Amino acid sequence: MEISKGVEMLHLDFHGEIIHPILLWDREAAVLIDTGFQGQIEDLRVAMEKAGVSFDKLKVVILTHQDVDHIGSLPEILQERGSNVKVYAHELDKPYIQGEIPLLKDGHLENPPKGKVDDTLIDGQELPFCGGIRIIHTPGHTPGHISLYLRQSKTLIAGDSMYSVNGILGGIHVPTTPDMNEARLSLKKYLDLDIASVVCYHGGLSNVNVKDQILRLSQGL
């Protein structure tokens with residue numbers, strides 16, 4: 001689904017579980033935000049081509065955090081694209097993504113997905129790709145969870161800091177959030193942003209009265 005020019009919400013189905021990586025692109029490059037589960041590289045390729053973007057154009061992968069449904073296809077992407085792709089994540093989740101520490105919530109996996117993180121991101125940083133991407137450190141779900149704000153389209157890519165149901169923001173997903181206090185504080189970081197649309201990895205797009213919805217959630221109502 002096209003959110004705005006050069007911003008596509010992908011719709012991937014993993015055994016009935018729907019997830020929403022985000023694809024950004026302009027003339028220079030394509031940026032993928034989160035990579036789905038293990039084995040979904042072909043689903044990603046098909047979804048990108050459906051949006052009119054060749055997989056060969058992919059130059060940047062940004063990981064919102066370390067969970068397997070977000071980093072799953074990273075090894076296959078790196079195997080295919082090699083040094084043509086640069087991987088970004090927050091420094092607190094980097095060692096998990098690189099396989100130096102067992103994944104926080106999937107430490108039992110014998111062969112977890114892993115891949116090299118080329119650059120770490122910090123709160124407030126601006127990446128120059130596709131009209132500018134602002135990094136917001138939103139811990140709680142994981143220590144290094146980040147959200148992304150696209151100023152051009154006033155879009156917040158919320159990762160797993162929130163979920164949504166039928167276009168309505170449902171708040172924080174308690175069962176998968178180890179630090180609820182941090183997660184609640186993270187929601188308050190969104191209040192200063194001019195947001196027209198929110199994309200949650202689980203639940204997809206919300207674009208009706210989102211500022212009011214976020215304010216209500218940040219107050220715990």
# chains A, B, ... in the order shown; residues from 1 in each chain; ligands from 1

call {"tool": "residues_around", "arguments": {"residues": "Gly131 (chain A)", "least_positions_apart": "2", "cutoff": "9 Å", "atoms": "only C-alpha atoms", "output": "list in words"}}
result
Asp26, Leu127, Pro128, Phe129, Ile133, Leu150, Arg151 and Gln152 of chain A

call {"tool": "residues_around", "arguments": {"residues": "region 46-48 of chain A", "least_positions_apart": "6", "cutoff": "12 Å", "atoms": "only C-alpha atoms", "output": "PyMOL selection string"}}
result
chain A and resi 1-2+6-13+20-25+30-32+35-36+40+54-58

call {"tool": "write_last_selection", "arguments": {"atoms": "N, CA, C and O atoms", "output": "compact mmCIF listing (two decimals), in the first residue's frame"}}
result
# COMPACT_ATOMS: atom_id res chain seq x y z
N MET A 1 0.84 -1.19 0.00
CA MET A 1 0.00 0.00 0.00
C MET A 1 0.88 1.25 0.00
O MET A 1 1.79 1.36 0.81
N GLU A 2 0.60 2.17 -0.93
CA GLU A 2 1.37 3.40 -1.00
C GLU A 2 0.89 4.38 0.07
O GLU A 2 -0.28 4.73 0.12
N GLY A 6 6.92 7.44 -2.96
CA GLY A 6 8.17 6.84 -2.54
C GLY A 6 8.15 6.20 -1.17
O GLY A 6 9.20 5.88 -0.61
N VAL A 7 6.93 5.99 -0.63
CA VAL A 7 6.79 5.32 0.68
C VAL A 7 5.73 4.23 0.54
O VAL A 7 4.56 4.52 0.31
N GLU A 8 6.15 2.99 0.66
CA GLU A 8 5.25 1.86 0.46
C GLU A 8 5.23 0.99 1.72
O GLU A 8 6.28 0.60 2.25
N MET A 9 4.03 0.69 2.22
CA MET A 9 3.88 -0.26 3.31
C MET A 9 3.71 -1.65 2.70
O MET A 9 2.73 -1.92 2.02
N LEU A 10 4.71 -2.52 2.92
CA LEU A 10 4.62 -3.87 2.38
C LEU A 10 3.71 -4.72 3.27
O LEU A 10 3.52 -4.43 4.45
N HIS A 11 3.16 -5.75 2.67
CA HIS A 11 2.18 -6.60 3.34
C HIS A 11 2.65 -8.04 3.15
O HIS A 11 2.44 -8.64 2.11
N LEU A 12 3.34 -8.57 4.17
CA LEU A 12 3.89 -9.92 4.05
C LEU A 12 3.13 -10.88 4.96
O LEU A 12 2.82 -10.55 6.11
N ASP A 13 2.86 -12.06 4.44
CA ASP A 13 2.12 -13.08 5.19
C ASP A 13 3.07 -14.22 5.57
O ASP A 13 3.66 -14.86 4.70
N HIS A 20 4.46 -5.76 8.36
CA HIS A 20 4.53 -4.61 7.45
C HIS A 20 5.91 -3.93 7.44
O HIS A 20 6.07 -2.85 8.02
N PRO A 21 6.89 -4.53 6.78
CA PRO A 21 8.11 -3.77 6.49
C PRO A 21 7.77 -2.56 5.62
O PRO A 21 6.72 -2.53 4.96
N ILE A 22 8.64 -1.57 5.64
CA ILE A 22 8.41 -0.35 4.86
C ILE A 22 9.51 -0.21 3.80
O ILE A 22 10.68 -0.45 4.08
N LEU A 23 9.10 0.18 2.61
CA LEU A 23 10.02 0.44 1.51
C LEU A 23 10.00 1.92 1.17
O LEU A 23 8.94 2.50 0.94
N LEU A 24 11.17 2.54 1.17
CA LEU A 24 11.32 3.93 0.73
C LEU A 24 12.21 3.95 -0.50
O LEU A 24 13.14 3.14 -0.60
N TRP A 25 11.96 4.85 -1.41
CA TRP A 25 12.85 4.95 -2.56
C TRP A 25 12.76 6.31 -3.24
O TRP A 25 11.79 7.02 -3.12
N ALA A 30 16.97 2.56 -2.84
CA ALA A 30 15.82 2.06 -2.09
C ALA A 30 16.28 1.70 -0.69
O ALA A 30 17.40 1.23 -0.48
N VAL A 31 15.40 1.96 0.28
CA VAL A 31 15.67 1.70 1.70
C VAL A 31 14.60 0.75 2.20
O VAL A 31 13.40 1.00 2.02
N LEU A 32 15.01 -0.34 2.86
CA LEU A 32 14.06 -1.28 3.45
C LEU A 32 14.14 -1.17 4.96
O LEU A 32 15.21 -1.26 5.55
N THR A 35 13.07 -6.63 7.83
CA THR A 35 13.27 -7.61 6.74
C THR A 35 12.36 -8.84 6.82
O THR A 35 12.54 -9.78 6.06
N GLY A 36 11.40 -8.84 7.75
CA GLY A 36 10.51 -9.99 7.85
C GLY A 36 11.17 -11.18 8.53
O GLY A 36 12.24 -11.08 9.13
N GLN A 40 11.94 -15.06 3.94
CA GLN A 40 10.96 -14.20 3.25
C GLN A 40 11.60 -13.29 2.19
O GLN A 40 10.96 -12.37 1.71
N SER A 54 13.11 -2.32 -8.25
CA SER A 54 13.93 -3.52 -8.43
C SER A 54 14.70 -3.83 -7.15
O SER A 54 15.18 -2.93 -6.46
N PHE A 55 14.83 -5.12 -6.84
CA PHE A 55 15.59 -5.55 -5.66
C PHE A 55 17.04 -5.07 -5.76
O PHE A 55 17.69 -4.81 -4.74
N ASP A 56 17.54 -4.94 -6.98
CA ASP A 56 18.92 -4.48 -7.20
C ASP A 56 19.14 -3.03 -6.77
O ASP A 56 20.28 -2.58 -6.66
N LYS A 57 18.05 -2.31 -6.54
CA LYS A 57 18.16 -0.90 -6.14
C LYS A 57 18.34 -0.75 -4.63
O LYS A 57 18.64 0.33 -4.13
N LEU A 58 18.16 -1.87 -3.91
CA LEU A 58 18.23 -1.83 -2.45
C LEU A 58 19.65 -1.55 -1.98
O LEU A 58 20.57 -2.31 -2.25

call {"tool": "residues_around", "arguments": {"residues": "region 92-98 of chain A", "least_positions_apart": "5", "cutoff": "8 Å", "atoms": "only C-alpha atoms", "output": "VMD selection string"}}
result
chain A and resid 65 to 66 71 103 to 104 113 to 117 120 142 to 145

call {"tool": "select_by_dssp", "arguments": {"residues": "region 136-219 of chain A", "states": "helix (DSSP H, G or I)", "output": "list in words"}}
result
Val174, Pro175, Thr176, Met180, Asn181, Glu182, Ala183, Arg184, Leu185, Ser186, Leu187, Lys188, Val210, Lys211, Asp212, Gln213, Ile214, Leu215, Arg216, Leu217 and Ser218 of chain A

call {"tool": "atom_distance", "arguments": {"atom1": "CA of Val174 (chain A)", "atom2": "CA of Gly107 (chain A)"}}
result
19.2 Å

call {"tool": "closest_atom_pairs", "arguments": {"of": "region 71-173 of chain A", "to": "region 188-212 of chain A", "cutoff": "12 Å", "atoms": "only C-alpha atoms", "output": "JSON lines"}}
result
{"residue": "A:Asp123", "atom": "CA", "partner": "A:Lys189", "partner_atom": "CA", "distance": 10.4}
{"residue": "A:Gly124", "atom": "CA", "partner": "A:Lys189", "partner_atom": "CA", "distance": 10.6}
{"residue": "A:Arg134", "atom": "CA", "partner": "A:Leu193", "partner_atom": "CA", "distance": 10.6}
{"residue": "A:Ile135", "atom": "CA", "partner": "A:Lys189", "partner_atom": "CA", "distance": 11.2}
{"residue": "A:Ile136", "atom": "CA", "partner": "A:Lys189", "partner_atom": "CA", "distance": 7.7}
{"residue": "A:His137", "atom": "CA", "partner": "A:Lys189", "partner_atom": "CA", "distance": 8.7}
{"residue": "A:Thr138", "atom": "CA", "partner": "A:Lys189", "partner_atom": "CA", "distance": 7.8}
{"residue": "A:Pro139", "atom": "CA", "partner": "A:Lys189", "partner_atom": "CA", "distance": 10.9}
{"residue": "A:Ile146", "atom": "CA", "partner": "A:Lys189", "partner_atom": "CA", "distance": 11.3}
{"residue": "A:Ser147", "atom": "CA", "partner": "A:Tyr190", "partner_atom": "CA", "distance": 9.4}
{"residue": "A:Leu148", "atom": "CA", "partner": "A:Val199", "partner_atom": "CA", "distance": 10.0}
{"residue": "A:Tyr149", "atom": "CA", "partner": "A:Leu193", "partner_atom": "CA", "distance": 8.3}
{"residue": "A:Leu150", "atom": "CA", "partner": "A:Ile195", "partner_atom": "CA", "distance": 9.1}
{"residue": "A:Arg151", "atom": "CA", "partner": "A:Asp194", "partner_atom": "CA", "distance": 8.1}
{"residue": "A:Gln152", "atom": "CA", "partner": "A:Asp194", "partner_atom": "CA", "distance": 10.4}
{"residue": "A:Ser153", "atom": "CA", "partner": "A:Ala196", "partner_atom": "CA", "distance": 7.7}
{"residue": "A:Lys154", "atom": "CA", "partner": "A:Ile195", "partner_atom": "CA", "distance": 4.9}
{"residue": "A:Thr155", "atom": "CA", "partner": "A:Ser197", "partner_atom": "CA", "distance": 4.8}
{"residue": "A:Leu156", "atom": "CA", "partner": "A:Val198", "partner_atom": "CA", "distance": 4.7}
{"residue": "A:Ile157", "atom": "CA", "partner": "A:Val199", "partner_atom": "CA", "distance": 5.0}
{"residue": "A:Ala158", "atom": "CA", "partner": "A:Cys200", "partner_atom": "CA", "distance": 5.2}
{"residue": "A:Gly159", "atom": "CA", "partner": "A:Tyr201", "partner_atom": "CA", "distance": 5.1}
{"residue": "A:Asp160", "atom": "CA", "partner": "A:Tyr201", "partner_atom": "CA", "distance": 6.0}
{"residue": "A:Ser161", "atom": "CA", "partner": "A:Cys200", "partner_atom": "CA", "distance": 7.9}
{"residue": "A:Met162", "atom": "CA", "partner": "A:Cys200", "partner_atom": "CA", "distance": 6.3}
{"residue": "A:Tyr163", "atom": "CA", "partner": "A:Cys200", "partner_atom": "CA", "distance": 5.4}
{"residue": "A:Ser164", "atom": "CA", "partner": "A:Gly203", "partner_atom": "CA", "distance": 4.5}
{"residue": "A:Val165", "atom": "CA", "partner": "A:Gly203", "partner_atom": "CA", "distance": 5.4}
{"residue": "A:Asn166", "atom": "CA", "partner": "A:Gly203", "partner_atom": "CA", "distance": 7.1}
{"residue": "A:Gly167", "atom": "CA", "partner": "A:Ser206", "partner_atom": "CA", "distance": 4.4}
{"residue": "A:Ile168", "atom": "CA", "partner": "A:Ser206", "partner_atom": "CA", "distance": 5.9}
{"residue": "A:Leu169", "atom": "CA", "partner": "A:Ser206", "partner_atom": "CA", "distance": 6.7}
{"residue": "A:Gly170", "atom": "CA", "partner": "A:Gly203", "partner_atom": "CA", "distance": 9.1}
{"residue": "A:Gly171", "atom": "CA", "partner": "A:Cys200", "partner_atom": "CA", "distance": 10.2}
{"residue": "A:Ile172", "atom": "CA", "partner": "A:Cys200", "partner_atom": "CA", "distance": 10.7}
{"residue": "A:His173", "atom": "CA", "partner": "A:His202", "partner_atom": "CA", "distance": 9.8}

call {"tool": "residues_around", "arguments": {"residues": "Ile41 (chain A)", "least_positions_apart": "5", "cutoff": "7 Å", "atoms": "only C-alpha atoms", "output": "ChimeraX atom specification"}}
result
/A:73,76-77

call {"tool": "atom_distance", "arguments": {"atom1": "CA of Leu217 (chain A)", "atom2": "CA of His141 (chain A)"}}
result
15.6 Å

call {"tool": "closest_residue", "arguments": {"among": "A:Gly99, A:Asp118, A:Asp106, A:Gly82", "to": "Leu63 (chain A)", "atoms": "only C-alpha atoms"}}
result
A:Asp118

call {"tool": "select_by_dssp", "arguments": {"residues": "region 23-199 of chain A", "states": "strand (DSSP E)", "output": "VMD selection string"}}
result
chain A and resid 23 to 25 30 to 33 58 to 62 86 to 90 119 to 121 126 to 127 133 to 137 146 to 150 155 to 159 163 to 165 168 to 171 197 to 199

call {"tool": "closest_residue", "arguments": {"among": "A:Cys130, A:Asp179, A:Ile18, A:Val85", "to": "Lys5 (chain A)", "atoms": "only C-alpha atoms"}}
result
A:Cys130
